[in-house]
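Here is the structure we will look at.
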Amino acid sequence: QLSYTLLRKYSNHEILVIDNDLNANTVRDIIAMLPEYPCLRLIRLSRRYGHDTAIFAGIEAAIGDSVVIADPMVDPIDAIHDIVELNKK
């Protein structure tokens, strides 16, 4: 759903997933999705770090002009466009 939502609004975007000690099945599933979603990138940390460090790693790895930090399990994906637009002001 995230990729579809972003594609409707942006021709260029990326989705970063930070592996801050994700379980092996989740990592395997993300790796399997990489060929299907060229905008998807998996950033693997060498060990479990704090939440703030994982977010910083994602910001550092991001290529785009804007970064939206979201937890798709909690944050409404449809709000991303509004956040990007507010950032432009």
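Chain lettering (A, B, ...) mirrors the order of the structure tokens, residue numbering begins at 1 for each chain separately, and ligand numbering begins at 1 in order of display.
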Checklist entry - Please, which residues of chain A, numbered as in this document, come out alpha helix (DSSP H) from DSSP, as a PyMOL selection string? => result chain A and resi 2-9+24-33+51-61+80-88
Let's have the selection written as a short mmCIF file (atom, residue, chain, number, x, y, z; two decimals), in the first residue's frame, with N, CA, C and O atoms.
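Saved to out_35.cif:
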```
data_model
loop_
_atom_site.label_atom_id
_atom_site.label_comp_id
_atom_site.auth_asym_id
_atom_site.auth_seq_id
_atom_site.Cartn_x
_atom_site.Cartn_y
_atom_site.Cartn_z
N LEU A 2 1.97 1.27 0.73
CA LEU A 2 2.83 2.44 0.80
C LEU A 2 3.37 2.81 -0.57
O LEU A 2 3.30 3.96 -1.00
N SER A 3 3.90 1.83 -1.30
CA SER A 3 4.45 2.10 -2.62
C SER A 3 3.37 2.64 -3.56
O SER A 3 3.60 3.60 -4.29
N TYR A 4 2.19 2.06 -3.54
CA TYR A 4 1.09 2.51 -4.39
C TYR A 4 0.70 3.95 -4.04
O TYR A 4 0.51 4.78 -4.92
N THR A 5 0.60 4.26 -2.75
CA THR A 5 0.24 5.62 -2.31
C THR A 5 1.27 6.63 -2.79
O THR A 5 0.91 7.70 -3.30
N LEU A 6 2.54 6.30 -2.67
CA LEU A 6 3.59 7.23 -3.10
C LEU A 6 3.62 7.38 -4.61
O LEU A 6 3.85 8.48 -5.13
N LEU A 7 3.40 6.29 -5.34
CA LEU A 7 3.40 6.36 -6.81
C LEU A 7 2.30 7.28 -7.35
O LEU A 7 2.47 7.90 -8.39
N ARG A 8 1.19 7.36 -6.65
CA ARG A 8 0.10 8.24 -7.09
C ARG A 8 0.50 9.70 -7.02
O ARG A 8 0.01 10.51 -7.79
N LYS A 9 1.40 10.06 -6.13
CA LYS A 9 1.77 11.47 -5.90
C LYS A 9 3.15 11.84 -6.41
O LYS A 9 3.38 12.99 -6.74
N ALA A 24 14.51 -12.60 11.20
CA ALA A 24 15.03 -13.15 9.95
C ALA A 24 13.95 -13.30 8.88
O ALA A 24 14.22 -13.08 7.69
N ASN A 25 12.75 -13.67 9.26
CA ASN A 25 11.67 -13.82 8.28
C ASN A 25 11.30 -12.50 7.64
O ASN A 25 11.04 -12.42 6.44
N THR A 26 11.27 -11.43 8.43
CA THR A 26 10.96 -10.10 7.90
C THR A 26 12.03 -9.66 6.92
O THR A 26 11.72 -9.16 5.83
N VAL A 27 13.28 -9.84 7.29
CA VAL A 27 14.39 -9.47 6.39
C VAL A 27 14.29 -10.27 5.09
O VAL A 27 14.43 -9.72 4.01
N ARG A 28 14.03 -11.57 5.20
CA ARG A 28 13.89 -12.41 4.00
C ARG A 28 12.76 -11.90 3.11
O ARG A 28 12.92 -11.81 1.89
N ASP A 29 11.63 -11.53 3.71
CA ASP A 29 10.49 -11.03 2.93
C ASP A 29 10.82 -9.72 2.23
O ASP A 29 10.45 -9.51 1.08
N ILE A 30 11.52 -8.84 2.92
CA ILE A 30 11.90 -7.55 2.32
C ILE A 30 12.86 -7.78 1.17
O ILE A 30 12.72 -7.20 0.10
N ILE A 31 13.85 -8.63 1.37
CA ILE A 31 14.81 -8.93 0.30
C ILE A 31 14.09 -9.50 -0.92
O ILE A 31 14.41 -9.17 -2.06
N ALA A 32 13.11 -10.34 -0.70
CA ALA A 32 12.34 -10.92 -1.80
C ALA A 32 11.55 -9.85 -2.56
O ALA A 32 11.29 -9.99 -3.75
N MET A 33 11.18 -8.77 -1.89
CA MET A 33 10.41 -7.70 -2.52
C MET A 33 11.27 -6.72 -3.32
O MET A 33 10.76 -5.98 -4.16
N HIS A 51 16.42 3.42 18.94
CA HIS A 51 15.48 3.92 17.93
C HIS A 51 16.03 5.16 17.23
O HIS A 51 15.95 5.27 16.00
N ASP A 52 16.58 6.10 18.00
CA ASP A 52 17.10 7.34 17.42
C ASP A 52 18.24 7.08 16.45
O ASP A 52 18.34 7.71 15.39
N THR A 53 19.12 6.15 16.78
CA THR A 53 20.24 5.82 15.90
C THR A 53 19.75 5.21 14.61
O THR A 53 20.26 5.51 13.53
N ALA A 54 18.74 4.36 14.70
CA ALA A 54 18.17 3.75 13.49
C ALA A 54 17.54 4.81 12.59
O ALA A 54 17.71 4.77 11.37
N ILE A 55 16.83 5.75 13.18
CA ILE A 55 16.24 6.84 12.40
C ILE A 55 17.34 7.67 11.74
O ILE A 55 17.25 8.01 10.56
N PHE A 56 18.38 7.99 12.48
CA PHE A 56 19.49 8.76 11.93
C PHE A 56 20.14 8.02 10.76
O PHE A 56 20.48 8.63 9.75
N ALA A 57 20.30 6.71 10.88
CA ALA A 57 20.88 5.92 9.79
C ALA A 57 20.01 6.04 8.53
O ALA A 57 20.53 6.15 7.42
N GLY A 58 18.71 6.03 8.70
CA GLY A 58 17.81 6.19 7.57
C GLY A 58 17.92 7.57 6.94
O GLY A 58 17.94 7.71 5.72
N ILE A 59 17.99 8.59 7.77
CA ILE A 59 18.13 9.96 7.25
C ILE A 59 19.43 10.10 6.48
O ILE A 59 19.48 10.69 5.39
N GLU A 60 20.49 9.55 7.04
CA GLU A 60 21.80 9.61 6.37
C GLU A 60 21.80 8.86 5.04
O GLU A 60 22.48 9.26 4.09
N ALA A 61 21.06 7.79 4.95
CA ALA A 61 21.04 6.97 3.73
C ALA A 61 20.07 7.51 2.68
O ALA A 61 20.16 7.14 1.51
N ILE A 80 1.47 11.23 4.43
CA ILE A 80 2.81 11.54 3.92
C ILE A 80 2.78 12.73 2.97
O ILE A 80 3.60 13.63 3.07
N HIS A 81 1.82 12.78 2.07
CA HIS A 81 1.74 13.89 1.12
C HIS A 81 1.58 15.22 1.86
O HIS A 81 2.26 16.20 1.53
N ASP A 82 0.72 15.26 2.85
CA ASP A 82 0.52 16.50 3.62
C ASP A 82 1.80 16.92 4.34
O ASP A 82 2.12 18.10 4.39
N ILE A 83 2.52 15.95 4.87
CA ILE A 83 3.77 16.25 5.56
C ILE A 83 4.79 16.84 4.58
O ILE A 83 5.46 17.84 4.87
N VAL A 84 4.90 16.25 3.41
CA VAL A 84 5.85 16.76 2.39
C VAL A 84 5.47 18.17 1.97
O VAL A 84 6.31 19.06 1.86
N GLU A 85 4.18 18.40 1.76
CA GLU A 85 3.72 19.73 1.34
C GLU A 85 3.97 20.77 2.43
O GLU A 85 4.39 21.90 2.13
N LEU A 86 3.74 20.44 3.68
CA LEU A 86 4.01 21.37 4.78
C LEU A 86 5.50 21.68 4.87
O LEU A 86 5.90 22.80 5.20
N ASN A 87 6.33 20.70 4.57
CA ASN A 87 7.78 20.90 4.60
C ASN A 87 8.24 21.89 3.53
O ASN A 87 9.24 22.58 3.70
N LYS A 88 7.52 21.98 2.42
CA LYS A 88 7.89 22.88 1.32
C LYS A 88 7.66 24.36 1.67
O LYS A 88 8.22 25.22 1.05
#
```
Item to check | Members of chain A assigned strand (DSSP E) by DSSP, as a count of residues only | outcome: 10
Next on the checklist: Need to verify the contact set: range 11-15 of chain A, 10 Å, only C-alpha atoms, exclusion of same-chain residues closer than 3 positions in sequence. Can you return it as a list in words?
Outcome noted: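 Returned residues: Leu2, Ser3, Leu6, Leu7, Arg8, Ile18, Tyr37, Pro38, Cys39, Leu40, Arg41, Leu42, Gly58, Ala62, Ile63, Gly64, Asp65, Ser66, Val67 and Val68 of chain A.
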Checklist entry - Please, what distance in Å, to one decimal, runs between CA of Ile77 in chain A and CA of Arg47 in chain A? => result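 Distance reported for this atom pair: 27.8 Å.
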Checklist entry - In Å, how far is it from CA of Tyr10 in chain A to CA of Arg44 in chain A? => result 25.6 Å
